[in-house]
Amino acid sequence: MAKIIDGKKVSAGVRADIAAETAKLREERGLKVGLAVVIVGNNPASRVYVNNKKKACEEVGFQSFEYAMDENTTEEQLLDLITVLNHDDRVNGILVQLPLPKQINEKAIINAIVPEKDVDAFHPVNVGKIMIGDYSFLPCTPAGVMELIASTGTDITGKNCVVVGRSNIVGKPMAMLLLHQNGTVTICHSKTKNLREICLGADILVVAVGKADFVTGDMIKEGAVVIDVGMNRRENGKLCGDVEFESAEKKASYITPVPGGVGPMTITMLMKNTLTAAKQQAGI
Ligand code: GUN
């Protein structure tokens with residue numbers, strides 16, 4: 001039976017370190033850390049995420065500035081706000097919650113945020129830096145996954161790491177972070193042949209496809225570390241991941257639950273990036 005990786009516990013440890021460093025910066029240098037959180041429209045999931053991000057800011061001692069804009073906001077209006085935030089010295093990080101309403105081009109918005117304040121690490125400059133291993137901002141979800149793997153004491157060097165999913169937000173940067181730690185990385189996606197066989201070769205399996213029960217126990221190698229990035233809702237309203245937990249926990253050595261695994265880490269890594277941004281902007 002697998003050991004459960006407690007994302008809340010690992011997350012609390014990292015948040016305590018961030019809070020301590022934030023308090024020290026304020027006492028010793030009078031430096032305040034601030035995050036702008038922008039939400040456009042009424043997506044209920046986005047509202048929950050944004051509230052959690054604001055709560056996390058409070059917990060670690062950051063200021064948060066919320067900008068809630070109407071569903072009918074134009075791209076130009078949002079770009080104007082980004083320009084203001086780019087120049088606002090109280091704002092160290094800018095977070096625009098995705099998805100955005102149809103009339104707004106997400107790429108245009110991401111590109112408009114100055115890379116120094118792009119705490120999501122979505123701007124092409126930051127994505128490029130991740131590719132070459134020279135990064136200041138870590139992509140939040142993959143960085144959280146790396147912390148969870150580290151918490152198990154697993155050394156990634158030389159391990160077969162399989163990432164299922166190739167999104168720009170999770171799959172692709174995830175593969176890069178594992179590669180930087182000397183993993184032998186395979187990326188699988190919807191067109192992959194022999195998915196089961198490839199997954200069965202994984203010492204570390206990271207699943208981010210957004211489909212409930214997509215990976216089952218018969219696809220998991222005995223003793224593998226299994227990280228479930230999925231966040232799906234069943235018909236009965238219950239949250240579940242991309243991995244069928246009951247069959248998977250019989251094979252894995254360590255496994256993340258949903259909820260309570262990767263989710264809490266993502267926001268924590270956003271806080272970490274915001275602190276990094278504040279220090280860099282202050283020349284520390
Ligand atoms: N929507 C879903 N995940 C994310 C994320 O990590 N950052 C932002 N800004 N929006 C999201």
# chains A, B, ... in the order shown; residues from 1 in each chain; ligands from 1
call {"tool": "closest_atom_pairs", "arguments": {"of": "segment 153-271 of chain A", "to": "segment 55-61 of chain A", "cutoff": "12 Å", "atoms": "only C-alpha atoms", "output": "JSON lines"}}
result
{"residue": "A:Pro264", "atom": "CA", "partner": "A:Ala56", "partner_atom": "CA", "distance": 9.8}
{"residue": "A:Met265", "atom": "CA", "partner": "A:Ala56", "partner_atom": "CA", "distance": 11.0}
{"residue": "A:Thr266", "atom": "CA", "partner": "A:Ala56", "partner_atom": "CA", "distance": 10.9}
{"residue": "A:Ile267", "atom": "CA", "partner": "A:Ala56", "partner_atom": "CA", "distance": 7.3}
{"residue": "A:Thr268", "atom": "CA", "partner": "A:Ala56", "partner_atom": "CA", "distance": 7.4}
{"residue": "A:Met269", "atom": "CA", "partner": "A:Ala56", "partner_atom": "CA", "distance": 10.5}
{"residue": "A:Leu270", "atom": "CA", "partner": "A:Ala56", "partner_atom": "CA", "distance": 9.4}
{"residue": "A:Met271", "atom": "CA", "partner": "A:Cys57", "partner_atom": "CA", "distance": 7.0}
call {"tool": "residues_near_ligand", "arguments": {"ligand": "ligand 1", "cutoff": "7 Å", "atoms": "only C-alpha atoms and all ligand atoms", "output": "PDB file with all heavy atoms, in the first residue's frame"}}
result
ATOM      1  N   LEU A  95      -0.910  38.511 -11.402  1.00  0.00           N
ATOM      2  CA  LEU A  95      -1.524  37.217 -11.694  1.00  0.00           C
ATOM      3  C   LEU A  95      -2.853  37.466 -12.387  1.00  0.00           C
ATOM      4  O   LEU A  95      -3.753  38.070 -11.791  1.00  0.00           O
ATOM      5  CB  LEU A  95      -1.728  36.520 -10.327  1.00  0.00           C
ATOM      6  CG  LEU A  95      -2.317  35.116 -10.194  1.00  0.00           C
ATOM      7  CD1 LEU A  95      -3.788  35.058 -10.486  1.00  0.00           C
ATOM      8  CD2 LEU A  95      -1.535  34.117 -11.004  1.00  0.00           C
ATOM      9  N   VAL A  96      -2.968  37.084 -13.635  1.00  0.00           N
ATOM     10  CA  VAL A  96      -4.246  37.195 -14.348  1.00  0.00           C
ATOM     11  C   VAL A  96      -4.841  35.794 -14.398  1.00  0.00           C
ATOM     12  O   VAL A  96      -4.281  34.897 -15.044  1.00  0.00           O
ATOM     13  CB  VAL A  96      -4.057  37.756 -15.778  1.00  0.00           C
ATOM     14  CG1 VAL A  96      -5.401  37.837 -16.498  1.00  0.00           C
ATOM     15  CG2 VAL A  96      -3.384  39.125 -15.735  1.00  0.00           C
ATOM     16  N   GLN A  97      -5.942  35.607 -13.700  1.00  0.00           N
ATOM     17  CA  GLN A  97      -6.532  34.266 -13.638  1.00  0.00           C
ATOM     18  C   GLN A  97      -7.063  33.847 -15.009  1.00  0.00           C
ATOM     19  O   GLN A  97      -7.785  34.596 -15.656  1.00  0.00           O
ATOM     20  CB  GLN A  97      -7.660  34.247 -12.582  1.00  0.00           C
ATOM     21  CG  GLN A  97      -8.219  32.878 -12.289  1.00  0.00           C
ATOM     22  CD  GLN A  97      -7.205  31.922 -11.674  1.00  0.00           C
ATOM     23  OE1 GLN A  97      -6.328  32.321 -10.929  1.00  0.00           O
ATOM     24  NE2 GLN A  97      -7.305  30.645 -11.994  1.00  0.00           N
ATOM     25  N   LEU A  98      -6.709  32.665 -15.427  1.00  0.00           N
ATOM     26  CA  LEU A  98      -7.185  32.095 -16.692  1.00  0.00           C
ATOM     27  C   LEU A  98      -8.268  31.061 -16.395  1.00  0.00           C
ATOM     28  O   LEU A  98      -8.274  30.508 -15.304  1.00  0.00           O
ATOM     29  CB  LEU A  98      -6.019  31.442 -17.438  1.00  0.00           C
ATOM     30  CG  LEU A  98      -4.803  32.339 -17.714  1.00  0.00           C
ATOM     31  CD1 LEU A  98      -3.719  31.536 -18.418  1.00  0.00           C
ATOM     32  CD2 LEU A  98      -5.196  33.550 -18.552  1.00  0.00           C
ATOM     33  N   PRO A  99      -9.193  30.755 -17.282  1.00  0.00           N
ATOM     34  CA  PRO A  99      -9.320  31.308 -18.633  1.00  0.00           C
ATOM     35  C   PRO A  99      -9.939  32.693 -18.627  1.00  0.00           C
ATOM     36  O   PRO A  99     -10.617  33.077 -17.667  1.00  0.00           O
ATOM     37  CB  PRO A  99     -10.265  30.298 -19.295  1.00  0.00           C
ATOM     38  CG  PRO A  99     -11.105  29.754 -18.178  1.00  0.00           C
ATOM     39  CD  PRO A  99     -10.212  29.734 -16.976  1.00  0.00           C
ATOM     40  N   ASP A 120       3.430  33.802 -12.685  1.00  0.00           N
ATOM     41  CA  ASP A 120       2.937  32.516 -13.202  1.00  0.00           C
ATOM     42  C   ASP A 120       3.994  31.827 -14.074  1.00  0.00           C
ATOM     43  O   ASP A 120       3.865  30.644 -14.393  1.00  0.00           O
ATOM     44  CB  ASP A 120       1.700  32.753 -14.094  1.00  0.00           C
ATOM     45  CG  ASP A 120       0.390  32.469 -13.375  1.00  0.00           C
ATOM     46  OD1 ASP A 120       0.372  31.555 -12.542  1.00  0.00           O
ATOM     47  OD2 ASP A 120      -0.610  33.157 -13.674  1.00  0.00           O
ATOM     48  N   CYS A 140       4.396  27.298 -11.522  1.00  0.00           N
ATOM     49  CA  CYS A 140       3.892  26.996 -10.169  1.00  0.00           C
ATOM     50  C   CYS A 140       3.535  25.524  -9.946  1.00  0.00           C
ATOM     51  O   CYS A 140       3.971  24.917  -8.956  1.00  0.00           O
ATOM     52  CB  CYS A 140       2.694  27.878  -9.843  1.00  0.00           C
ATOM     53  SG  CYS A 140       3.113  29.630  -9.862  1.00  0.00           S
ATOM     54  N   THR A 141       2.727  24.963 -10.821  1.00  0.00           N
ATOM     55  CA  THR A 141       2.303  23.575 -10.582  1.00  0.00           C
ATOM     56  C   THR A 141       3.479  22.596 -10.690  1.00  0.00           C
ATOM     57  O   THR A 141       3.694  21.789  -9.775  1.00  0.00           O
ATOM     58  CB  THR A 141       1.137  23.189 -11.513  1.00  0.00           C
ATOM     59  OG1 THR A 141       0.041  24.067 -11.232  1.00  0.00           O
ATOM     60  CG2 THR A 141       0.694  21.759 -11.297  1.00  0.00           C
ATOM     61  N   ILE A 169       1.115  24.843 -19.447  1.00  0.00           N
ATOM     62  CA  ILE A 169       1.121  25.211 -18.028  1.00  0.00           C
ATOM     63  C   ILE A 169       1.725  24.104 -17.170  1.00  0.00           C
ATOM     64  O   ILE A 169       2.413  24.375 -16.194  1.00  0.00           O
ATOM     65  CB  ILE A 169      -0.320  25.544 -17.556  1.00  0.00           C
ATOM     66  CG1 ILE A 169      -0.841  26.804 -18.252  1.00  0.00           C
ATOM     67  CG2 ILE A 169      -0.381  25.708 -16.054  1.00  0.00           C
ATOM     68  CD1 ILE A 169      -2.212  27.264 -17.772  1.00  0.00           C
TER      69      ILE A 169
END
call {"tool": "residues_around", "arguments": {"residues": "Glu66 of chain A", "least_positions_apart": "6", "cutoff": "7 Å", "atoms": "only C-alpha atoms", "output": "PDB file with all heavy atoms, in the first residue's frame"}}
result
ATOM      1  N   ALA A  36      -0.771  41.502  -7.343  1.00  0.00           N
ATOM      2  CA  ALA A  36      -2.033  41.917  -7.970  1.00  0.00           C
ATOM      3  C   ALA A  36      -2.720  40.683  -8.539  1.00  0.00           C
ATOM      4  O   ALA A  36      -2.095  39.886  -9.238  1.00  0.00           O
ATOM      5  CB  ALA A  36      -1.761  42.919  -9.081  1.00  0.00           C
ATOM      6  N   VAL A  37      -3.978  40.514  -8.185  1.00  0.00           N
ATOM      7  CA  VAL A  37      -4.746  39.358  -8.657  1.00  0.00           C
ATOM      8  C   VAL A  37      -5.884  39.885  -9.522  1.00  0.00           C
ATOM      9  O   VAL A  37      -6.739  40.631  -9.049  1.00  0.00           O
ATOM     10  CB  VAL A  37      -5.311  38.562  -7.460  1.00  0.00           C
ATOM     11  CG1 VAL A  37      -6.065  37.339  -7.950  1.00  0.00           C
ATOM     12  CG2 VAL A  37      -4.202  38.145  -6.502  1.00  0.00           C
ATOM     13  N   VAL A  38      -5.868  39.501 -10.800  1.00  0.00           N
ATOM     14  CA  VAL A  38      -6.862  40.025 -11.743  1.00  0.00           C
ATOM     15  C   VAL A  38      -7.809  38.908 -12.150  1.00  0.00           C
ATOM     16  O   VAL A  38      -7.370  37.829 -12.559  1.00  0.00           O
ATOM     17  CB  VAL A  38      -6.157  40.599 -13.000  1.00  0.00           C
ATOM     18  CG1 VAL A  38      -7.193  41.179 -13.968  1.00  0.00           C
ATOM     19  CG2 VAL A  38      -5.117  41.642 -12.617  1.00  0.00           C
TER      20      VAL A  38
END
call {"tool": "closest_residue", "arguments": {"among": "A:Leu239, A:Ile18, A:Val125, A:Ala252", "to": "Asp203 of chain A", "atoms": "only C-alpha atoms"}}
result
A:Ala252
call {"tool": "residues_around", "arguments": {"residues": "Lys250 of chain A", "least_positions_apart": "2", "cutoff": "7 Å", "atoms": "only C-alpha atoms", "output": "NGL selection string"}}
result
:A and (1-2 or 247-248 or 252)
call {"tool": "select_by_dssp", "arguments": {"residues": "segment 3-218 of chain A", "states": "strand (DSSP E)", "output": "VMD selection string"}}
result
chain A and resid 3 to 4 34 to 40 63 to 69 93 to 96 160 to 164 184 to 188 204 to 207
call {"tool": "write_last_selection", "arguments": {"atoms": "N, CA, C and O atoms", "output": "compact mmCIF listing (two decimals), in the first residue's frame"}}
result
# COMPACT_ATOMS: atom_id res chain seq x y z
N LYS A 3 2.29 5.06 0.48
CA LYS A 3 2.23 6.15 1.46
C LYS A 3 1.60 7.35 0.77
O LYS A 3 1.86 7.61 -0.42
N ILE A 4 0.76 8.06 1.51
CA ILE A 4 0.09 9.24 0.94
C ILE A 4 1.00 10.46 1.11
O ILE A 4 1.50 10.72 2.21
N GLY A 34 3.90 42.59 -2.60
CA GLY A 34 2.52 42.75 -3.08
C GLY A 34 2.23 41.95 -4.34
O GLY A 34 3.06 41.89 -5.26
N LEU A 35 1.05 41.36 -4.36
CA LEU A 35 0.61 40.61 -5.54
C LEU A 35 -0.72 41.19 -6.05
O LEU A 35 -1.66 41.35 -5.27
N ALA A 36 -0.77 41.50 -7.34
CA ALA A 36 -2.03 41.92 -7.97
C ALA A 36 -2.72 40.68 -8.54
O ALA A 36 -2.09 39.89 -9.24
N VAL A 37 -3.98 40.51 -8.19
CA VAL A 37 -4.75 39.36 -8.66
C VAL A 37 -5.88 39.88 -9.52
O VAL A 37 -6.74 40.63 -9.05
N VAL A 38 -5.87 39.50 -10.80
CA VAL A 38 -6.86 40.02 -11.74
C VAL A 38 -7.81 38.91 -12.15
O VAL A 38 -7.37 37.83 -12.56
N ILE A 39 -9.10 39.17 -12.01
CA ILE A 39 -10.11 38.19 -12.45
C ILE A 39 -11.09 38.90 -13.37
O ILE A 39 -11.55 40.01 -13.06
N VAL A 40 -11.40 38.27 -14.49
CA VAL A 40 -12.34 38.87 -15.44
C VAL A 40 -13.52 37.91 -15.59
O VAL A 40 -13.33 36.74 -15.94
N GLN A 63 0.76 41.86 0.72
CA GLN A 63 -0.43 42.65 0.38
C GLN A 63 -0.99 42.03 -0.90
O GLN A 63 -0.24 41.61 -1.78
N SER A 64 -2.32 41.97 -0.99
CA SER A 64 -2.89 41.56 -2.27
C SER A 64 -3.82 42.64 -2.76
O SER A 64 -4.48 43.32 -1.97
N PHE A 65 -3.82 42.84 -4.06
CA PHE A 65 -4.66 43.87 -4.68
C PHE A 65 -5.53 43.16 -5.70
O PHE A 65 -5.02 42.65 -6.70
N GLU A 66 -6.84 43.12 -5.41
CA GLU A 66 -7.71 42.43 -6.36
C GLU A 66 -8.31 43.40 -7.38
O GLU A 66 -8.76 44.49 -7.01
N TYR A 67 -8.31 42.98 -8.63
CA TYR A 67 -8.97 43.73 -9.69
C TYR A 67 -10.00 42.80 -10.33
O TYR A 67 -9.62 41.88 -11.06
N ALA A 68 -11.26 43.00 -9.99
CA ALA A 68 -12.33 42.16 -10.54
C ALA A 68 -12.99 42.95 -11.66
O ALA A 68 -13.51 44.04 -11.44
N MET A 69 -12.93 42.39 -12.87
CA MET A 69 -13.47 43.10 -14.03
C MET A 69 -14.68 42.36 -14.60
O MET A 69 -14.80 41.14 -14.47
N GLY A 93 4.17 41.23 -8.20
CA GLY A 93 3.76 40.14 -9.09
C GLY A 93 2.36 40.42 -9.64
O GLY A 93 1.53 41.03 -8.96
N ILE A 94 2.13 40.00 -10.88
CA ILE A 94 0.81 40.17 -11.51
C ILE A 94 0.28 38.80 -11.91
O ILE A 94 0.94 38.05 -12.62
N LEU A 95 -0.91 38.51 -11.40
CA LEU A 95 -1.52 37.22 -11.69
C LEU A 95 -2.85 37.47 -12.39
O LEU A 95 -3.75 38.07 -11.79
N VAL A 96 -2.97 37.08 -13.63
CA VAL A 96 -4.25 37.20 -14.35
C VAL A 96 -4.84 35.79 -14.40
O VAL A 96 -4.28 34.90 -15.04
N ASN A 160 13.31 6.75 -14.61
CA ASN A 160 12.37 6.91 -15.72
C ASN A 160 11.20 7.75 -15.23
O ASN A 160 10.46 7.33 -14.33
N CYS A 161 11.08 8.93 -15.82
CA CYS A 161 10.00 9.85 -15.43
C CYS A 161 9.03 9.94 -16.61
O CYS A 161 9.45 10.29 -17.72
N VAL A 162 7.78 9.65 -16.39
CA VAL A 162 6.79 9.75 -17.46
C VAL A 162 5.79 10.84 -17.08
O VAL A 162 5.22 10.82 -15.99
N VAL A 163 5.64 11.80 -17.99
CA VAL A 163 4.67 12.88 -17.81
C VAL A 163 3.53 12.62 -18.79
O VAL A 163 3.77 12.51 -19.99
N VAL A 164 2.31 12.47 -18.29
CA VAL A 164 1.16 12.26 -19.17
C VAL A 164 0.43 13.60 -19.27
O VAL A 164 -0.10 14.09 -18.27
N THR A 184 15.21 10.70 -16.76
CA THR A 184 15.06 10.29 -18.16
C THR A 184 13.58 10.45 -18.47
O THR A 184 12.75 9.69 -17.96
N VAL A 185 13.26 11.47 -19.25
CA VAL A 185 11.87 11.94 -19.30
C VAL A 185 11.16 11.54 -20.60
O VAL A 185 11.71 11.71 -21.69
N THR A 186 9.96 11.02 -20.47
CA THR A 186 9.09 10.74 -21.61
C THR A 186 7.80 11.54 -21.43
O THR A 186 7.25 11.56 -20.33
N ILE A 187 7.38 12.21 -22.51
CA ILE A 187 6.10 12.93 -22.45
C ILE A 187 5.07 12.16 -23.28
O ILE A 187 5.31 11.86 -24.45
N CYS A 188 3.95 11.83 -22.67
CA CYS A 188 2.86 11.14 -23.36
C CYS A 188 1.68 12.10 -23.53
O CYS A 188 1.53 13.06 -22.77
N ILE A 204 8.76 7.39 -11.81
CA ILE A 204 8.01 8.58 -11.36
C ILE A 204 6.99 8.89 -12.44
O ILE A 204 7.34 9.06 -13.61
N LEU A 205 5.72 8.90 -12.06
CA LEU A 205 4.64 9.11 -13.03
C LEU A 205 3.85 10.35 -12.64
O LEU A 205 3.31 10.43 -11.53
N VAL A 206 3.84 11.35 -13.54
CA VAL A 206 3.10 12.59 -13.27
C VAL A 206 1.96 12.68 -14.29
O VAL A 206 2.20 12.62 -15.50
N VAL A 207 0.74 12.78 -13.80
CA VAL A 207 -0.41 12.73 -14.70
C VAL A 207 -1.16 14.06 -14.66
O VAL A 207 -1.61 14.51 -13.60
call {"tool": "residues_around", "arguments": {"residues": "segment 114-117 of chain A", "least_positions_apart": "4", "cutoff": "12 Å", "atoms": "only C-alpha atoms", "output": "ChimeraX atom specification"}}
result
/A:33-37,79,82-96,109-110,121-129,135-137,270,273-282
call {"tool": "closest_residue", "arguments": {"among": "A:Thr157, A:Gln103, A:Thr256, A:Asn232", "to": "Asp6 of chain A", "atoms": "only C-alpha atoms"}}
result
A:Thr256
call {"tool": "closest_residue", "arguments": {"among": "A:Met131, A:Gly153, A:Asn52, A:Gly210", "to": "Lys172 of chain A", "atoms": "only C-alpha atoms"}}
result
A:Met131
call {"tool": "atom_distance", "arguments": {"atom1": "atom CA of Pro44 of chain A", "atom2": "atom CA of Val262 of chain A"}}
result
20.2 Å
call {"tool": "select_by_dssp", "arguments": {"residues": "segment 63-264 of chain A", "states": "helix (DSSP H, G or I)", "output": "PyMOL selection string"}}
result
chain A and resi 75-87+106-112+115-117+124-132+140-151+171-180+195-200+217-219+245-248+262-264
call {"tool": "residues_around", "arguments": {"residues": "Ile198 of chain A", "least_positions_apart": "2", "cutoff": "9 Å", "atoms": "only C-alpha atoms", "output": "PDB file with N, CA and C atoms, in the first residue's frame"}}
result
ATOM      1  N   VAL A 162       7.781   9.646 -16.390  1.00  0.00           N
ATOM      2  CA  VAL A 162       6.793   9.752 -17.460  1.00  0.00           C
ATOM      3  C   VAL A 162       5.790  10.842 -17.081  1.00  0.00           C
ATOM      4  N   THR A 186       9.957  11.019 -20.472  1.00  0.00           N
ATOM      5  CA  THR A 186       9.088  10.738 -21.614  1.00  0.00           C
ATOM      6  C   THR A 186       7.800  11.544 -21.432  1.00  0.00           C
ATOM      7  N   CYS A 188       3.952  11.833 -22.666  1.00  0.00           N
ATOM      8  CA  CYS A 188       2.857  11.142 -23.362  1.00  0.00           C
ATOM      9  C   CYS A 188       1.679  12.101 -23.534  1.00  0.00           C
ATOM     10  N   LYS A 193       1.029   6.046 -28.601  1.00  0.00           N
ATOM     11  CA  LYS A 193       0.695   4.623 -28.732  1.00  0.00           C
ATOM     12  C   LYS A 193       1.299   3.887 -27.539  1.00  0.00           C
ATOM     13  N   ASN A 194       0.680   2.799 -27.149  1.00  0.00           N
ATOM     14  CA  ASN A 194       1.183   1.988 -26.030  1.00  0.00           C
ATOM     15  C   ASN A 194       1.347   2.775 -24.733  1.00  0.00           C
ATOM     16  N   LEU A 195       0.375   3.621 -24.453  1.00  0.00           N
ATOM     17  CA  LEU A 195       0.458   4.441 -23.234  1.00  0.00           C
ATOM     18  C   LEU A 195       0.681   3.572 -21.991  1.00  0.00           C
ATOM     19  N   ARG A 196      -0.057   2.467 -21.930  1.00  0.00           N
ATOM     20  CA  ARG A 196       0.021   1.607 -20.750  1.00  0.00           C
ATOM     21  C   ARG A 196       1.456   1.104 -20.539  1.00  0.00           C
ATOM     22  N   LEU A 200       3.965   1.909 -17.491  1.00  0.00           N
ATOM     23  CA  LEU A 200       4.472   0.789 -16.677  1.00  0.00           C
ATOM     24  C   LEU A 200       5.984   0.862 -16.475  1.00  0.00           C
ATOM     25  N   GLY A 201       6.680   1.607 -17.332  1.00  0.00           N
ATOM     26  CA  GLY A 201       8.131   1.762 -17.184  1.00  0.00           C
ATOM     27  C   GLY A 201       8.504   2.913 -16.256  1.00  0.00           C
ATOM     28  N   ALA A 202       7.510   3.636 -15.744  1.00  0.00           N
ATOM     29  CA  ALA A 202       7.797   4.860 -14.986  1.00  0.00           C
ATOM     30  C   ALA A 202       8.147   4.573 -13.527  1.00  0.00           C
ATOM     31  N   MET A 219      -1.574   0.258 -14.929  1.00  0.00           N
ATOM     32  CA  MET A 219      -0.619   1.030 -15.737  1.00  0.00           C
ATOM     33  C   MET A 219       0.563   1.496 -14.887  1.00  0.00           C
TER      34      MET A 219
END
call {"tool": "atom_distance", "arguments": {"atom1": "atom CA of Tyr254 of chain A", "atom2": "atom CA of Val226 of chain A"}}
result
6.2 Å
call {"tool": "atom_distance", "arguments": {"atom1": "atom CA of Glu27 of chain A", "atom2": "atom CA of Lys272 of chain A"}}
result
18.7 Å
call {"tool": "closest_residue", "arguments": {"among": "A:Pro259, A:Gly30, A:Pro101, A:Gly144", "to": "Arg233 of chain A", "atoms": "only C-alpha atoms"}}
result
A:Pro259
